[in-house]
>>> print(open('my_file20.json').read())   # JSON, C-alpha atoms
[["chain", "number", "residue", "atom", "x", "y", "z"],
["B", 1, "MET", "CA", 103.42, 100.88, 101.96],
["B", 2, "GLY", "CA", 106.06, 98.80, 100.31],
["B", 3, "LYS", "CA", 103.95, 95.62, 100.42],
["B", 4, "ARG", "CA", 101.09, 94.43, 98.28],
["B", 5, "TYR", "CA", 98.15, 92.57, 99.82],
["B", 6, "VAL", "CA", 97.71, 89.39, 97.85],
["B", 7, "PHE", "CA", 95.24, 87.47, 100.05],
["B", 8, "LEU", "CA", 93.56, 88.27, 103.35],
["B", 9, "MET", "CA", 93.04, 85.41, 105.79],
["B", 10, "THR", "CA", 89.44, 84.53, 106.50],
["B", 11, "VAL", "CA", 87.01, 81.64, 106.20],
["B", 12, "ILE", "CA", 84.40, 82.70, 103.69],
["B", 13, "PRO", "CA", 81.02, 81.03, 103.08],
["B", 14, "PHE", "CA", 80.59, 80.64, 99.34],
["B", 15, "SER", "CA", 77.24, 82.41, 99.39],
["B", 16, "THR", "CA", 78.73, 85.75, 100.50],
["B", 17, "ASN", "CA", 80.86, 88.29, 98.67],
["B", 18, "CYS", "CA", 84.61, 87.93, 99.21],
["B", 19, "PHE", "CA", 88.01, 89.37, 98.41],
["B", 20, "ALA", "CA", 89.03, 87.11, 95.54],
["B", 21, "ASP", "CA", 89.04, 89.88, 92.98],
["B", 22, "THR", "CA", 91.53, 90.16, 90.14],
["B", 23, "ALA", "CA", 92.82, 93.51, 91.47],
["B", 24, "LEU", "CA", 94.30, 91.92, 94.59],
["B", 25, "ASP", "CA", 97.12, 94.41, 94.90],
["B", 26, "ILE", "CA", 94.72, 97.26, 95.71],
["B", 27, "LEU", "CA", 92.70, 95.53, 98.43],
["B", 28, "MET", "CA", 92.84, 96.74, 101.99],
["B", 29, "PRO", "CA", 91.78, 94.73, 105.07],
["B", 30, "GLY", "CA", 88.00, 94.64, 105.33],
["B", 31, "ALA", "CA", 87.32, 95.44, 101.67],
["B", 32, "VAL", "CA", 84.40, 93.66, 100.03],
["B", 33, "VAL", "CA", 84.31, 93.11, 96.28],
["B", 34, "GLN", "CA", 80.86, 92.47, 94.79],
["B", 35, "ASN", "CA", 80.31, 89.29, 92.79],
["B", 36, "ALA", "CA", 83.89, 88.07, 93.26],
["B", 37, "CYS", "CA", 83.09, 84.55, 94.56],
["B", 38, "VAL", "CA", 83.13, 82.80, 91.25],
["B", 39, "PHE", "CA", 84.93, 79.58, 90.38],
["B", 40, "GLN", "CA", 87.52, 81.39, 88.23],
["B", 41, "ASN", "CA", 88.68, 83.38, 91.27],
["B", 42, "THR", "CA", 88.20, 80.91, 94.12],
["B", 43, "GLY", "CA", 88.52, 77.46, 92.61],
["B", 44, "VAL", "CA", 85.43, 76.16, 94.47],
["B", 45, "TYR", "CA", 81.75, 75.88, 93.59],
["B", 46, "ALA", "CA", 80.26, 75.61, 97.10],
["B", 47, "ASP", "CA", 80.90, 75.54, 100.85],
["B", 48, "SER", "CA", 83.66, 77.71, 102.32],
["B", 49, "PHE", "CA", 87.39, 78.17, 101.85],
["B", 50, "THR", "CA", 90.31, 79.79, 103.66],
["B", 51, "MET", "CA", 92.33, 82.59, 102.12],
["B", 52, "VAL", "CA", 95.90, 82.67, 103.44],
["B", 53, "PRO", "CA", 97.82, 85.96, 103.67],
["B", 54, "VAL", "CA", 100.72, 86.12, 101.26],
["B", 55, "TYR", "CA", 102.73, 89.31, 100.99],
["B", 56, "GLU", "CA", 105.04, 90.38, 98.20],
["B", 57, "ASP", "CA", 107.66, 93.01, 98.83],
["B", 58, "THR", "CA", 107.52, 95.94, 96.45],
["B", 59, "VAL", "CA", 110.87, 96.10, 94.66],
["B", 60, "PHE", "CA", 112.26, 99.36, 93.29],
["B", 61, "THR", "CA", 115.03, 99.52, 90.69],
["B", 62, "CYS", "CA", 117.54, 102.37, 91.05],
["B", 63, "GLU", "CA", 120.06, 103.26, 88.34],
["B", 64, "ARG", "CA", 123.75, 103.55, 89.22],
["B", 65, "GLY", "CA", 124.41, 106.74, 91.16],
["B", 66, "TYR", "CA", 120.97, 106.50, 92.86],
["B", 67, "TYR", "CA", 119.70, 104.87, 96.06],
["B", 68, "LEU", "CA", 116.35, 104.24, 97.78],
["B", 69, "PRO", "CA", 115.96, 106.43, 100.90],
["B", 70, "LYS", "CA", 114.06, 105.03, 103.86],
["B", 71, "GLU", "CA", 110.30, 105.69, 103.82],
["B", 72, "SER", "CA", 110.51, 106.51, 100.10],
["B", 73, "GLU", "CA", 109.24, 104.87, 96.94],
["B", 74, "THR", "CA", 111.41, 107.05, 94.69],
["B", 75, "CYS", "CA", 115.11, 106.64, 93.99],
["B", 76, "ALA", "CA", 117.27, 109.65, 94.92],
["B", 77, "LEU", "CA", 120.62, 110.94, 93.66],
["B", 78, "CYS", "CA", 123.51, 109.49, 95.67],
["B", 79, "LEU", "CA", 124.70, 111.86, 98.39],
["B", 80, "GLY", "CA", 128.14, 113.43, 98.51],
["B", 81, "ASP", "CA", 130.92, 111.37, 100.13],
["B", 82, "ALA", "CA", 129.08, 108.16, 99.27],
["B", 83, "TRP", "CA", 128.63, 105.79, 96.35],
["B", 84, "CYS", "CA", 125.52, 104.02, 95.08],
["B", 85, "PRO", "CA", 125.95, 101.08, 92.69],
["B", 86, "GLY", "CA", 122.26, 100.90, 91.78],
["B", 87, "GLY", "CA", 120.13, 97.76, 91.80],
["B", 88, "GLU", "CA", 116.87, 96.40, 93.14],
["B", 89, "TYR", "CA", 115.83, 97.47, 96.65],
["B", 90, "VAL", "CA", 112.87, 96.82, 98.94],
["B", 91, "TYR", "CA", 110.95, 99.62, 100.66],
["B", 92, "SER", "CA", 112.05, 100.16, 104.28],
["B", 93, "VAL", "CA", 110.84, 102.46, 107.04],
["B", 94, "ASP", "CA", 114.09, 102.04, 108.98],
["B", 95, "MET", "CA", 117.05, 102.30, 106.62],
["B", 96, "ASP", "CA", 118.30, 103.62, 103.30],
["B", 97, "SER", "CA", 119.06, 101.00, 100.66],
["B", 98, "GLY", "CA", 121.85, 101.01, 98.10],
["B", 99, "ILE", "CA", 124.05, 103.76, 99.56],
["B", 100, "ASN", "CA", 127.59, 103.21, 100.87],
["B", 101, "VAL", "CA", 129.57, 105.81, 102.82],
["B", 102, "CYS", "CA", 133.12, 106.55, 101.67],
["B", 103, "PRO", "CA", 135.93, 105.55, 104.05],
["B", 104, "PRO", "CA", 137.02, 108.20, 106.58],
["B", 105, "GLY", "CA", 139.22, 110.89, 105.05],
["B", 106, "THR", "CA", 137.94, 110.35, 101.51],
["B", 107, "TYR", "CA", 135.37, 112.27, 99.52],
["B", 108, "ALA", "CA", 133.11, 111.76, 96.53],
["B", 109, "PRO", "CA", 130.84, 114.11, 94.59],
["B", 110, "ILE", "CA", 127.10, 113.51, 94.47],
["B", 111, "GLY", "CA", 125.81, 110.86, 92.08],
["B", 112, "MET", "CA", 128.79, 108.47, 92.25],
["B", 113, "TRP", "CA", 128.37, 104.73, 91.68],
["B", 114, "GLU", "CA", 131.57, 102.89, 92.64],
["B", 115, "SER", "CA", 133.89, 102.73, 95.64],
["B", 116, "ALA", "CA", 136.89, 103.81, 93.52],
["B", 117, "GLN", "CA", 135.28, 107.26, 93.26],
["B", 118, "CYS", "CA", 135.95, 107.84, 96.96],
["B", 119, "GLY", "CA", 139.23, 109.75, 97.02],
["B", 120, "ARG", "CA", 140.84, 113.04, 97.92],
["B", 121, "ARG", "CA", 140.10, 116.55, 96.72],
["B", 122, "PHE", "CA", 142.75, 118.37, 94.67],
["B", 123, "PHE", "CA", 142.46, 122.14, 95.01],
["B", 124, "VAL", "CA", 143.42, 124.55, 92.25],
["B", 125, "GLY", "CA", 142.85, 128.08, 93.50],
["B", 126, "ASP", "CA", 139.29, 128.33, 94.82],
["B", 127, "ALA", "CA", 138.10, 125.24, 92.91],
["B", 128, "PHE", "CA", 138.86, 121.56, 93.24],
["B", 129, "LEU", "CA", 138.42, 118.25, 91.53],
["B", 130, "TYR", "CA", 137.82, 114.84, 93.05],
["B", 131, "LEU", "CA", 140.58, 112.28, 92.67],
["B", 132, "ARG", "CA", 139.69, 108.61, 92.34],
["B", 133, "VAL", "CA", 141.41, 105.37, 93.36],
["B", 134, "GLY", "CA", 141.05, 103.61, 90.02],
["B", 135, "LYS", "CA", 142.54, 104.88, 86.75],
["B", 136, "THR", "CA", 139.91, 105.27, 84.00],
["B", 137, "THR", "CA", 141.68, 107.28, 81.29],
["B", 138, "ALA", "CA", 144.99, 106.97, 79.48],
["B", 139, "PRO", "CA", 146.83, 109.14, 80.05],
["B", 140, "ALA", "CA", 145.78, 110.14, 83.57],
["B", 141, "LEU", "CA", 147.28, 112.43, 86.20],
["B", 142, "HIS", "CA", 148.90, 110.24, 88.89],
["B", 143, "PHE", "CA", 149.23, 111.15, 92.60],
["B", 144, "ASP", "CA", 151.65, 109.34, 94.93],
["B", 145, "PHE", "CA", 150.69, 110.49, 98.43],
["B", 146, "ASP", "CA", 152.79, 108.06, 100.44],
["B", 147, "GLY", "CA", 155.98, 108.48, 98.38],
["B", 148, "ASP", "CA", 156.43, 104.79, 97.59],
["B", 149, "GLY", "CA", 156.71, 105.33, 93.82],
["B", 150, "THR", "CA", 153.26, 103.89, 93.11],
["B", 151, "ALA", "CA", 150.26, 106.06, 92.27],
["B", 152, "ASP", "CA", 147.59, 106.09, 94.97],
["B", 153, "MET", "CA", 144.96, 108.18, 93.18],
["B", 154, "PHE", "CA", 144.22, 109.54, 89.73],
["B", 155, "ALA", "CA", 142.57, 112.39, 87.87],
["B", 156, "ASN", "CA", 141.03, 111.86, 84.44],
["B", 157, "MET", "CA", 142.49, 113.52, 81.34],
["B", 158, "THR", "CA", 141.03, 114.27, 77.91],
["B", 159, "THR", "CA", 141.90, 116.29, 74.83],
["B", 160, "ALA", "CA", 138.41, 117.86, 75.03],
["B", 161, "ASP", "CA", 138.26, 121.39, 76.43],
["B", 162, "VAL", "CA", 136.37, 120.77, 79.71],
["B", 163, "PRO", "CA", 136.40, 122.23, 83.25],
["B", 164, "MET", "CA", 137.91, 120.37, 86.22],
["B", 165, "ASN", "CA", 134.55, 119.84, 87.92],
["B", 166, "MET", "CA", 130.92, 120.47, 86.92],
["B", 167, "ASP", "CA", 130.62, 123.15, 89.63],
["B", 168, "THR", "CA", 133.37, 125.39, 88.25],
["B", 169, "GLU", "CA", 134.48, 126.95, 84.99],
["B", 170, "ARG", "CA", 138.14, 126.68, 86.05],
["B", 171, "LYS", "CA", 140.25, 124.46, 83.81],
["B", 172, "LEU", "CA", 143.47, 122.61, 84.56],
["B", 173, "LYS", "CA", 145.58, 121.98, 81.44],
["B", 174, "ILE", "CA", 148.63, 119.74, 81.02],
["B", 175, "ARG", "CA", 150.81, 119.50, 77.93],
["B", 176, "ILE", "CA", 152.40, 116.15, 77.06],
["B", 177, "GLY", "CA", 154.57, 116.58, 73.98],
["B", 178, "ASP", "CA", 152.47, 118.53, 71.51],
["B", 179, "VAL", "CA", 149.12, 117.46, 73.00],
["B", 180, "VAL", "CA", 147.20, 119.60, 75.53],
["B", 181, "TYR", "CA", 144.94, 117.73, 77.96],
["B", 182, "SER", "CA", 142.20, 118.88, 80.34],
["B", 183, "VAL", "CA", 142.27, 117.32, 83.80],
["B", 184, "TYR", "CA", 138.78, 116.56, 85.16],
["B", 185, "ASP", "CA", 136.82, 114.43, 87.62],
["B", 186, "ASP", "CA", 133.84, 112.09, 87.30],
["B", 187, "THR", "CA", 131.30, 114.92, 87.62],
["B", 188, "VAL", "CA", 132.21, 116.05, 84.10],
["B", 189, "THR", "CA", 130.72, 114.39, 81.04],
["B", 190, "ILE", "CA", 133.04, 114.38, 78.05],
["B", 191, "PRO", "CA", 131.23, 115.33, 74.83],
["B", 192, "LYS", "CA", 131.36, 112.66, 72.12],
["B", 193, "THR", "CA", 133.08, 113.67, 68.92],
["B", 194, "SER", "CA", 131.71, 112.78, 65.51],
["B", 195, "GLY", "CA", 132.63, 109.25, 64.53],
["B", 196, "GLU", "CA", 132.32, 107.89, 68.10]]
>>> encode(input="my_file20.json", output="structure tokens")
Amino acid sequence: MGKRYVFLMTVIPFSTNCFADTALDILMPGAVVQNACVFQNTGVYADSFTMVPVYEDTVFTCERGYYLPKESETCALCLGDAWCPGGEYVYSVDMDSGINVCPPGTYAPIGMWESAQCGRRFFVGDAFLYLRVGKTTAPALHFDFDGDGTADMFANMTTADVPMNMDTERKLKIRIGDVVYSVYDDTVTIPKTSGE
């Protein structure tokens, strides 16, 4: 699995059947394809020729937030406390491809796609939201954990009425002037308003 057979090595007398079929990617060692030894497939009219094994890795494309688990040909949702940028990966029996573990002491929800989404958890009652390293909304809720006057992590804010996290109905609201904002993390999708 994970490789396609393109040619199988053997010396083949022209008068016998051989493997030079157009459906090379489905051949297995020892397969015989009837009436395949024709000039269009082999490039020779007579005598014998050598077929050299050439293998092509099977490449799988995973979207951001997904990775390719070992021994799998299907992309899977990125695990919690990790991030998966997406991309092209080759089948492997030994290791997962396209998944990065968050640094110790940081957390990320499932399905994340960038390292900045590895952060701390901010609890509000029995629910929490994931903070992120990079600021993605303006305004945003800033957290200065080391007390140096510079924000270390952020929570997203929107004027839409949304929960803090996709796994809770709890909402965290902040008023700035006359505007009320919902604080939320990257698990929440903000609905588009008309005109966007």
>>> closest_residue(input="my_file20.json", among="B:Asp167, B:Val93, B:Tyr130, B:Asp152", to="Val183 (chain B)", atoms="all atoms listed in the file")
B:Tyr130
>>> closest_residue(input="my_file20.json", among="B:Phe60, B:Phe128, B:Phe154, B:Tyr91", to="Leu172 (chain B)", atoms="all atoms listed in the file")
B:Phe128
>>> closest_residue(input="my_file20.json", among="B:Asp81, B:Asp126, B:Glu88, B:Lys70", to="Pro104 (chain B)", atoms="only C-alpha atoms")
B:Asp81
>>> atom_distance(input="my_file20.json", atom1="CA of Tyr181 (chain B)", atom2="CA of Cys78 (chain B)")
29.0 Å
>>> atom_distance(input="my_file20.json", atom1="CA of Gly86 (chain B)", atom2="CA of Tyr66 (chain B)")
5.8 Å
>>> closest_residue(input="my_file20.json", among="B:Cys84, B:Met166, B:Met95, B:Leu141", to="Gln117 (chain B)", atoms="only C-alpha atoms")
B:Cys84
>>> residues_near_point(input="my_file20.json", point="(141.5, 114.4, 84.4)", cutoff="7 Å", atoms="only C-alpha atoms", output="PyMOL selection string")
chain B and resi 140-141+155-158+182-185
>>> residues_around(input="my_file20.json", residues="Cys118 (chain B)", least_positions_apart="4", cutoff="8 Å", atoms="only C-alpha atoms", output="VMD selection string")
chain B and resid 81 to 83 102 to 103 106 to 108 114 131 to 133
>>> axis_aligned_box(input="my_file20.json", around="region 186-191 of chain B", padding_each_side="6 Å", output="AutoDock Vina command-line options")
--center_x 132.3 --center_y 114.1 --center_z 81.2 --size_x 15.1 --size_y 16.0 --size_z 24.8
>>> atom_distance(input="my_file20.json", atom1="CA of Arg64 (chain B)", atom2="CA of Met112 (chain B)")
7.7 Å
>>> residues_near_point(input="my_file20.json", point="(108.6, 106.0, 99.5)", cutoff="9 Å", atoms="only C-alpha atoms", output="compact mmCIF listing (two decimals) with C-alpha atoms, in the coordinates of the input")
# COMPACT_ATOMS: atom_id res chain seq x y z
CA MET B 1 103.42 100.88 101.96
CA GLY B 2 106.06 98.80 100.31
CA LEU B 68 116.35 104.24 97.78
CA PRO B 69 115.96 106.43 100.90
CA LYS B 70 114.06 105.03 103.86
CA GLU B 71 110.30 105.69 103.82
CA SER B 72 110.51 106.51 100.10
CA GLU B 73 109.24 104.87 96.94
CA THR B 74 111.41 107.05 94.69
CA CYS B 75 115.11 106.64 93.99
CA TYR B 91 110.95 99.62 100.66
CA SER B 92 112.05 100.16 104.28
CA VAL B 93 110.84 102.46 107.04
>>> build_atoms(input="my_file20.json", residues="region 164-175 of chain B", atoms="N, CA and C atoms", output="PDB file, keeping the file's coordinate frame")
ATOM      1  N   MET B 164     137.440 121.390  85.269  1.00  0.00           N
ATOM      2  CA  MET B 164     137.910 120.370  86.220  1.00  0.00           C
ATOM      3  C   MET B 164     136.744 119.631  86.875  1.00  0.00           C
ATOM      4  N   ASN B 165     135.677 120.361  87.152  1.00  0.00           N
ATOM      5  CA  ASN B 165     134.550 119.840  87.920  1.00  0.00           C
ATOM      6  C   ASN B 165     133.293 120.526  87.377  1.00  0.00           C
ATOM      7  N   MET B 166     132.142 119.884  87.477  1.00  0.00           N
ATOM      8  CA  MET B 166     130.920 120.470  86.920  1.00  0.00           C
ATOM      9  C   MET B 166     130.497 121.743  87.655  1.00  0.00           C
ATOM     10  N   ASP B 167     131.002 121.973  88.856  1.00  0.00           N
ATOM     11  CA  ASP B 167     130.620 123.150  89.630  1.00  0.00           C
ATOM     12  C   ASP B 167     131.542 124.346  89.452  1.00  0.00           C
ATOM     13  N   THR B 168     132.457 124.274  88.494  1.00  0.00           N
ATOM     14  CA  THR B 168     133.370 125.390  88.250  1.00  0.00           C
ATOM     15  C   THR B 168     133.613 125.548  86.753  1.00  0.00           C
ATOM     16  N   GLU B 169     134.053 126.736  86.375  1.00  0.00           N
ATOM     17  CA  GLU B 169     134.480 126.950  84.990  1.00  0.00           C
ATOM     18  C   GLU B 169     135.999 126.878  84.885  1.00  0.00           C
ATOM     19  N   ARG B 170     136.675 126.750  86.036  1.00  0.00           N
ATOM     20  CA  ARG B 170     138.140 126.680  86.050  1.00  0.00           C
ATOM     21  C   ARG B 170     138.614 125.430  85.336  1.00  0.00           C
ATOM     22  N   LYS B 171     139.680 125.574  84.556  1.00  0.00           N
ATOM     23  CA  LYS B 171     140.250 124.460  83.810  1.00  0.00           C
ATOM     24  C   LYS B 171     141.696 124.236  84.224  1.00  0.00           C
ATOM     25  N   LEU B 172     142.090 122.983  84.275  1.00  0.00           N
ATOM     26  CA  LEU B 172     143.470 122.610  84.560  1.00  0.00           C
ATOM     27  C   LEU B 172     144.006 121.910  83.313  1.00  0.00           C
ATOM     28  N   LYS B 173     145.032 122.510  82.695  1.00  0.00           N
ATOM     29  CA  LYS B 173     145.580 121.980  81.440  1.00  0.00           C
ATOM     30  C   LYS B 173     146.979 121.437  81.669  1.00  0.00           C
ATOM     31  N   ILE B 174     147.291 120.344  80.983  1.00  0.00           N
ATOM     32  CA  ILE B 174     148.630 119.740  81.020  1.00  0.00           C
ATOM     33  C   ILE B 174     149.040 119.429  79.591  1.00  0.00           C
ATOM     34  N   ARG B 175     150.293 119.800  79.272  1.00  0.00           N
ATOM     35  CA  ARG B 175     150.810 119.500  77.930  1.00  0.00           C
ATOM     36  C   ARG B 175     151.754 118.303  78.028  1.00  0.00           C
TER      37      ARG B 175
END
